[in-house]
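**Q** Quick one: the structure is below, questions incoming.
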Amino acid sequence: MIARFQAAAEAVGAVVRRFSSVADAAAYVLQTSGHAIAASHLPDDIRRALSGVTFTQPEEHRDVPACVSFATAGVAATGSLLLELSDAVERGATALPPIHMVFLRASAIIPDLPSLTGAIDSLLSSRPHSYLSLTTGPSRTADIERVLTIGVHGPKELHILILEGE
Amino acid sequence: MSKKIIRQKIHDSFLRTALKNFAAQYPVARARAFEGDDFESLRDRVSAIRDNALRDLPDLVERFRESAEAAGATVHLCTSPEEARRAILGIVREKGAEFVVKSKSMTSEEIRLNPYLEKAGVRSLETDLGEWIIQLAGERPSHMVMPAIHKNRQEVADLFSREIGRDCPPDIPSLVETARETLRESFFTARVGISGTNVAVADSGAIGLVTNEGNARLVTTLPETHIALIGIEKIVPSLAEALDIISILPKNATGQKITSYVSLIRGPSEGHELHIVLLDNGRRQLAADPRFREAMKCVKCGACANVCPVYEIVGGHVFGHIYVGGIGLVLTPFFHGTENARDILGLCIGCRRCNEVCAAKIDIEGLILDLRERGAKIPGQKALFGTLMRNRTLFHGALRAAYLAQKPFQGRDGRIRHLPLVLGGDTGNRSLPPIAERPYRDIARDREKVAPEDQGGRERVLFFSGCLADFVFPEMCRDTVESLECLGYSVHFPREQLCCGIPARYSGEVGIARDMARLNTEILMKEQADFVVTICPTCTMSLKHDFPNLLEGEPEHHARSLELAAKVFNFAELAARKVVKSGIPGDGEPVTYHDACHLRRGCGVFREPRTVLEEIADRKVVEMEGPDTCCGFGGSYAFKFPEISYEILKKKMDAIAGTGVGTVAVDCPGCKMQIEGGLEGIKSRVRVEHTATLAAERLRE
Ligand code: SF4
Ligand code: SF4
């Protein structure tokens, strides 16, 4: 299933890396983005591993080169990530910078969209308001002459960091 | 539709190339996107979801409103475009905003929101790249999903240069980057963001946005007020249905398995406001209409435009109004008045490709026909269709007169290059075959006199020839009868048979079509027979589907028409029944096969003709590119829109030439007339023959 996810995500232009430890993944983040990055909500183990990173303030989000976020689930059939981004500031953090890096636990990869229905429904109703983002590959357009061009309003690069063997 | 605009679009070489390339790429991408899915069952589901939702529409609207409000959204229920525009302006004013950012919304085009806001002093900026281009050009979208498909990079570069006051090179990646940089600031300064919505969920009050560029996420995130505009038909009961729609939409729209972003939004984020403007604008009323409610099932994927041969020639500024493509033709009279619709309804050639791909399984072509029936009638045509067609002797006499009248127009080879009188008009570069000196009905009379029908225990077939074959291609009729006889049937031609009524129906004369249905049913059911055979797929569709529909209100005739419908088959179907499959392809001279629209999509018949060609005619079949794309005939269409018809034909002729074979087989006299005329016009030596003729040639040996 991980391989299927990887193939589907790469087919739509995402960069996929598989790591056996959070520390390795954190090192990849540092190396890809430099030090200052925006972030959405991260689980504790990941936040700890990213101790070398300076997390920027909301006002700076529009100028930082990259952001990190965490996916609740991955969809193998399409290479999609389910991001819970109900907080507008966190959402902005994942929408503005040119590089978007997403942590995904291998165990959270499910086969297809229909099998995600229950999870989405409970995420939608578990809080007073919610904003879920199913993200597949980088931002794209084909509005000029049908030529596919990557990175129009959203991130130009999407890196998926799969955490395996935990 | 003015001839001038059509001509201008036909000669817009960029538009033509763009649409042509897209038409070539789209089916490939679409097929790949649906790989592993069962499209038919997926769209059956979507169709059922929409159907049920439309039935419960008032209730769904209420449920959605309650749950959206429970999640903290403010819901504005608006009956008319005016009300919706006022509600939106009210919110904008209340926020003290003079400037709003927008992401793509067809519904906002429907209510002409931008001009209204501008007039009220509010600048409304489109941030979807295609929409921005269109806005800068002061035009309207020419496609529901790809609004600026008619603009080339140079035009875009010129528009951008003018807008930002520096020179932008016509290089696509750099133009895209320019859009990113130029528009970025506006997301921060706008206090209100306006978006459309692809689907709304009644039980949770969530709305779904399906996008690629990422601007919709910014529009719904950075400004503290978000206004979502939704047509009420977009509401479904629960998430499962929403996901079905979300998953068919991008596959059918652009051939993507899923778009870059699917956002599900329930209630406003902390510190934000969410206003949901629910637009009716006639939707409730349309949903209650037993025939046209079907149109409301549309999920706005744009596929019906993507595959339409006429759209491919003229683009969305001609083929549609605000909503374009096949469904655009249907929706325009409801949303934008008959005034805007009258001109464009005639543009459909009736090929039914749109029906084949529609994500909601809408009978788009049927709806277009029915709208024409309800709409304006062309004066004078009543005399031609009414009196003439109902009366066999008169009709016959008129055609005889036409036969004589055409004489002076015939070339040395007997073909006609300029049409006289009734049929007049510009036939483009095609020549037309003449009306035969002796129609088949006369030949049949003599033939059956000389060789009375020998039934001898054979299955009996009644031959319904259709007018074109009868009067223009009598030899095609003879070949049909002789082939079927060689194959073991006994065949009789009932001489009282009349026109099938399709030309009348296509011109909106339902009453006349109904008379023909009744009369023909009586004539064909009078005699004992196992089958009724046709050689024109349009007649087949008429006998099989239209007769029972037309006679629905006359119980006795309706029952008879259903019995008749069960007996009607195309020549190829009856011939293929007698084939003992050898599995060895024919080794005779190769042919290529053109699938008639009404045979392939109207009757679902495409294997049988190939079997007949290989096994009976002993030919090798070499497939052309797009064997089932329209040839551009469409009955009177070829005379009403000769230039469009000819452009569609050119594509077909290129595909034929590409095979390098010397014969094209068809199963429709109309296709034969069209393709043969075109090939003759370019001095090609390729023969065009009905499958029955090729079968007869071999069977006679
Ligand atoms: S029937 Fe053919 S011509 Fe008419 S709208 Fe559909 S695709 Fe276009
Ligand atoms: S009518 Fe069908 S094919 Fe056309 S846009 Fe609507 S759903 Fe898509």
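Residue numbers start at 1 in each chain; chains themselves are named A, B, ... in the order of the structure tokens; ligands are numbered from 1 in the order shown.
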As a list in words, could you give me every residue of chain A near chain B (at most 6 Å apart, counting only C-alpha atoms)?
**A** Ala88, His129, Ser130, Tyr131, Leu132, Ser133, Leu134, Thr135, Thr136, Gly137, Ser139, Arg140, Thr141, Asp143, Glu145, Val152, His153 and Gly154 of chain A
**Q** Leaving out region 36-40 of chain A and any residue of its chain fewer than 4 positions from it, which residues lie within 10 Å of it when counting only C-alpha atoms, given as a ChimeraX atom specification?
**A** /A:29-30,47,52-58,60-70,83-85,87-94,96-97,99-102
**Q** Can I get the selection written as a short mmCIF file (atom, residue, chain, number, x, y, z; two decimals), in the first residue's frame, with N, CA, C and O atoms?
**A**
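Just written: part.cif:
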```cif
data_model
loop_
_atom_site.label_atom_id
_atom_site.label_comp_id
_atom_site.auth_asym_id
_atom_site.auth_seq_id
_atom_site.Cartn_x
_atom_site.Cartn_y
_atom_site.Cartn_z
N VAL A 29 13.90 17.81 6.56
CA VAL A 29 13.19 19.09 6.58
C VAL A 29 14.19 20.24 6.65
O VAL A 29 14.11 21.21 5.88
N LEU A 30 15.15 20.11 7.56
CA LEU A 30 16.15 21.17 7.74
C LEU A 30 16.95 21.40 6.47
O LEU A 30 17.17 22.53 6.03
N ARG A 47 7.22 17.46 16.58
CA ARG A 47 7.64 18.80 16.99
C ARG A 47 8.99 18.73 17.74
O ARG A 47 9.88 19.55 17.52
N GLY A 52 15.56 21.79 15.94
CA GLY A 52 16.52 22.69 15.30
C GLY A 52 15.87 23.74 14.42
O GLY A 52 16.53 24.59 13.83
N VAL A 53 14.56 23.70 14.34
CA VAL A 53 13.85 24.58 13.41
C VAL A 53 13.26 25.78 14.14
O VAL A 53 12.77 25.66 15.25
N THR A 54 13.33 26.95 13.52
CA THR A 54 12.66 28.11 14.09
C THR A 54 11.29 28.23 13.47
O THR A 54 11.17 28.38 12.25
N PHE A 55 10.26 28.14 14.28
CA PHE A 55 8.92 28.29 13.74
C PHE A 55 8.55 29.77 13.68
O PHE A 55 8.71 30.49 14.66
N THR A 56 8.07 30.20 12.53
CA THR A 56 7.83 31.63 12.33
C THR A 56 6.46 32.05 12.87
O THR A 56 5.59 31.24 13.07
N GLN A 57 6.31 33.35 13.07
CA GLN A 57 5.04 33.93 13.50
C GLN A 57 4.09 34.06 12.30
O GLN A 57 4.56 34.18 11.16
N PRO A 58 2.79 34.08 12.56
CA PRO A 58 1.81 34.19 11.47
C PRO A 58 2.12 35.32 10.49
O PRO A 58 2.00 35.14 9.29
N GLU A 60 4.73 36.40 9.46
CA GLU A 60 5.87 36.12 8.57
C GLU A 60 5.57 35.04 7.55
O GLU A 60 6.37 34.77 6.67
N HIS A 61 4.41 34.40 7.70
CA HIS A 61 4.10 33.26 6.83
C HIS A 61 4.20 33.56 5.35
O HIS A 61 4.55 32.71 4.56
N ARG A 62 3.87 34.79 5.00
CA ARG A 62 3.88 35.05 3.56
C ARG A 62 5.28 35.13 2.98
O ARG A 62 5.45 35.06 1.77
N ASP A 63 6.28 35.25 3.81
CA ASP A 63 7.64 35.37 3.27
C ASP A 63 8.54 34.17 3.52
O ASP A 63 9.66 34.12 3.04
N VAL A 64 8.08 33.19 4.31
CA VAL A 64 8.96 32.05 4.59
C VAL A 64 9.01 31.11 3.40
O VAL A 64 8.07 31.03 2.61
N PRO A 65 10.15 30.40 3.26
CA PRO A 65 10.30 29.54 2.09
C PRO A 65 9.53 28.23 2.18
O PRO A 65 9.29 27.59 1.16
N ALA A 66 9.20 27.80 3.39
CA ALA A 66 8.62 26.46 3.49
C ALA A 66 7.74 26.33 4.71
O ALA A 66 7.76 27.16 5.62
N CYS A 67 6.94 25.28 4.71
CA CYS A 67 6.15 24.97 5.89
C CYS A 67 6.10 23.47 6.11
O CYS A 67 6.36 22.70 5.18
N VAL A 68 5.83 23.08 7.35
CA VAL A 68 5.63 21.66 7.64
C VAL A 68 4.23 21.47 8.22
O VAL A 68 3.71 22.33 8.92
N SER A 69 3.67 20.31 7.90
CA SER A 69 2.37 20.00 8.47
C SER A 69 2.27 18.48 8.64
O SER A 69 3.19 17.75 8.29
N PHE A 70 1.13 18.06 9.17
CA PHE A 70 0.96 16.66 9.50
C PHE A 70 -0.35 16.16 8.91
O PHE A 70 -1.40 16.80 9.06
N LEU A 83 -5.59 16.68 5.44
CA LEU A 83 -5.05 17.60 6.43
C LEU A 83 -6.19 18.25 7.19
O LEU A 83 -7.15 18.74 6.58
N GLU A 84 -6.06 18.26 8.50
CA GLU A 84 -7.07 18.92 9.31
C GLU A 84 -6.54 20.31 9.59
O GLU A 84 -5.56 20.47 10.30
N LEU A 85 -7.17 21.31 8.98
CA LEU A 85 -6.63 22.67 9.07
C LEU A 85 -7.71 23.66 9.47
O LEU A 85 -7.96 24.66 8.79
N ASP A 87 -7.84 25.70 11.84
CA ASP A 87 -7.36 27.00 12.27
C ASP A 87 -6.86 27.78 11.05
O ASP A 87 -6.02 27.29 10.28
N ALA A 88 -7.39 28.98 10.88
CA ALA A 88 -7.09 29.75 9.67
C ALA A 88 -5.60 30.10 9.55
O ALA A 88 -5.06 30.14 8.45
N VAL A 89 -4.95 30.34 10.68
CA VAL A 89 -3.53 30.69 10.61
C VAL A 89 -2.71 29.49 10.15
O VAL A 89 -1.84 29.59 9.29
N GLU A 90 -3.03 28.33 10.71
CA GLU A 90 -2.32 27.11 10.29
C GLU A 90 -2.58 26.81 8.82
O GLU A 90 -1.71 26.37 8.08
N ARG A 91 -3.82 27.08 8.42
CA ARG A 91 -4.17 26.82 7.02
C ARG A 91 -3.36 27.73 6.11
O ARG A 91 -2.80 27.31 5.11
N GLY A 92 -3.26 28.99 6.50
CA GLY A 92 -2.47 29.93 5.72
C GLY A 92 -1.02 29.47 5.62
O GLY A 92 -0.39 29.59 4.57
N ALA A 93 -0.53 28.90 6.73
CA ALA A 93 0.85 28.43 6.75
C ALA A 93 1.09 27.38 5.68
O ALA A 93 2.16 27.31 5.08
N THR A 94 0.09 26.55 5.40
CA THR A 94 0.29 25.49 4.40
C THR A 94 -0.03 25.96 2.99
O THR A 94 0.23 25.24 2.03
N LEU A 96 0.61 29.31 1.73
CA LEU A 96 1.39 30.43 1.19
C LEU A 96 2.81 30.09 0.73
O LEU A 96 3.21 30.49 -0.36
N PRO A 97 3.62 29.39 1.54
CA PRO A 97 5.02 29.19 1.15
C PRO A 97 5.17 28.32 -0.10
O PRO A 97 4.31 27.49 -0.38
N ILE A 99 7.21 25.88 -0.61
CA ILE A 99 7.43 24.45 -0.36
C ILE A 99 6.55 24.00 0.80
O ILE A 99 6.49 24.65 1.84
N HIS A 100 5.88 22.90 0.60
CA HIS A 100 5.02 22.34 1.65
C HIS A 100 5.51 20.92 1.95
O HIS A 100 5.56 20.09 1.05
N MET A 101 5.91 20.69 3.22
CA MET A 101 6.37 19.34 3.61
C MET A 101 5.37 18.75 4.59
O MET A 101 4.99 19.40 5.56
N VAL A 102 4.97 17.52 4.31
CA VAL A 102 3.93 16.91 5.12
C VAL A 102 4.40 15.58 5.70
O VAL A 102 4.88 14.71 4.96
#
```
**Q** Could you list the protein, DNA and RNA residues that have any atom within 9 Å of ligand 2, counting only C-alpha atoms and all ligand atoms, and write them as a VMD selection string?
**A** chain B and resid 144 249 252 to 253 295 to 306 323 to 328 330 354 to 364
**Q** Which residues are near region 618-620 of chain B? Cut-off 9 Å, only C-alpha atoms, ignore same chain within fewer than 4 positions. Put them as a PyMOL selection string.
**A** chain B and resi 585-592+612-614+694-695+698
**Q** Return as CSV the residues of region 521-626 of chain B lying at most 8 Å from region 473-497 of chain B, together with the closest atom-to-atom pair for each and the distance in Å to one decimal, counting only C-alpha atoms, with rows in chain order and ascending residue number.
**A**
```
residue,atom,partner,partner_atom,distance
B:Ile523,CA,B:Gln497,CA,6.5
B:Leu524,CA,B:Pro494,CA,7.4
B:Ile535,CA,B:Thr480,CA,7.8
B:Phe571,CA,B:Thr480,CA,7.3
B:Leu574,CA,B:Leu484,CA,8.0
B:Ala575,CA,B:Leu484,CA,6.7
B:Lys578,CA,B:Leu487,CA,6.6
```
**Q** Go ahead and save the residues from that selection, with all heavy atoms, as a short mmCIF file (atom, residue, chain, number, x, y, z; two decimals), in the first residue's frame.
**A**
```cif
data_model
loop_
_atom_site.label_atom_id
_atom_site.label_comp_id
_atom_site.auth_asym_id
_atom_site.auth_seq_id
_atom_site.Cartn_x
_atom_site.Cartn_y
_atom_site.Cartn_z
N ILE B 523 -49.45 0.74 -40.54
CA ILE B 523 -49.01 0.13 -41.80
C ILE B 523 -48.10 -1.08 -41.53
O ILE B 523 -48.25 -2.13 -42.14
CB ILE B 523 -48.27 1.18 -42.66
CG1 ILE B 523 -49.27 2.23 -43.14
CG2 ILE B 523 -47.55 0.54 -43.82
CD1 ILE B 523 -48.65 3.53 -43.58
N LEU B 524 -47.19 -0.93 -40.59
CA LEU B 524 -46.21 -2.00 -40.37
C LEU B 524 -46.78 -3.14 -39.53
O LEU B 524 -46.28 -4.26 -39.59
CB LEU B 524 -44.95 -1.44 -39.71
CG LEU B 524 -44.13 -0.50 -40.59
CD1 LEU B 524 -43.05 0.21 -39.79
CD2 LEU B 524 -43.50 -1.24 -41.77
N ILE B 535 -32.44 0.63 -42.65
CA ILE B 535 -31.04 0.83 -43.05
C ILE B 535 -30.60 2.25 -42.71
O ILE B 535 -29.52 2.68 -43.10
CB ILE B 535 -30.79 0.52 -44.54
CG1 ILE B 535 -31.79 1.27 -45.41
CG2 ILE B 535 -30.86 -0.98 -44.80
CD1 ILE B 535 -31.50 1.12 -46.90
N PHE B 571 -30.11 -3.34 -40.36
CA PHE B 571 -29.66 -4.36 -41.30
C PHE B 571 -28.54 -5.21 -40.70
O PHE B 571 -28.58 -6.43 -40.73
CB PHE B 571 -29.19 -3.70 -42.60
CG PHE B 571 -28.42 -4.65 -43.47
CD1 PHE B 571 -29.07 -5.61 -44.22
CD2 PHE B 571 -27.02 -4.62 -43.49
CE1 PHE B 571 -28.36 -6.52 -45.00
CE2 PHE B 571 -26.30 -5.53 -44.26
CZ PHE B 571 -26.97 -6.48 -45.01
N LEU B 574 -29.62 -7.91 -38.22
CA LEU B 574 -30.28 -9.08 -38.80
C LEU B 574 -29.28 -9.93 -39.58
O LEU B 574 -29.31 -11.15 -39.52
CB LEU B 574 -31.42 -8.65 -39.73
CG LEU B 574 -32.73 -8.21 -39.08
CD1 LEU B 574 -33.85 -8.18 -40.11
CD2 LEU B 574 -33.11 -9.13 -37.92
N ALA B 575 -28.40 -9.26 -40.31
CA ALA B 575 -27.42 -10.01 -41.10
C ALA B 575 -26.48 -10.78 -40.17
O ALA B 575 -26.20 -11.95 -40.40
CB ALA B 575 -26.65 -9.06 -42.01
N LYS B 578 -27.15 -14.30 -38.83
CA LYS B 578 -26.99 -15.48 -39.68
C LYS B 578 -25.52 -15.88 -39.83
O LYS B 578 -25.20 -16.80 -40.57
CB LYS B 578 -27.57 -15.19 -41.07
CG LYS B 578 -29.05 -14.89 -41.06
CD LYS B 578 -29.89 -16.14 -40.78
CE LYS B 578 -31.37 -15.82 -40.88
NZ LYS B 578 -32.20 -16.99 -40.54
#
```
**Q** According to DSSP computed on the backbone, where in chain A is there strand (DSSP E)? Give the residues as a PyMOL selection string.
**A** chain A and resi 15-19+36-39+54-55+66-70+73-75+80-84+99-105+109-110+130-135+140-141+149-150+157-163
**Q** Region 74-149 of chain A: which residues are alpha helix (DSSP H) by DSSP, as number ranges by chain?
**A** A: 88-95, 117-125
**Q** Find the residues around Ile160 (chain A) up to 12 Å (only C-alpha atoms counted), leave out those fewer than 6 positions away in its own chain, and share them as a PyMOL selection string.
**A** chain A and resi 2+5-10+13-19+25+28-29+67-71+73-74+79-82+99-106+135-138
**Q** What does the distance from CA of Arg460 (chain B) to CA of Gln528 (chain B) come to in Å, to one decimal?
**A**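 Interatomic distance here is 7.9 Å.
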**Q** My list of candidates is B:Leu519, B:Ala596, B:Leu279, B:Leu329. Which is closest to ligand 1 when distances are computed with only C-alpha atoms and all ligand atoms?
**A**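 Among B:Leu519, B:Ala596, B:Leu279, B:Leu329, it is B:Leu329 that comes nearest to ligand 1.
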**Q** Can you measure CA of Glu623 (chain B) to CA of Arg30 (chain B) for me? One decimal in Å is fine.
**A**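 A separation of 21.0 Å between them.
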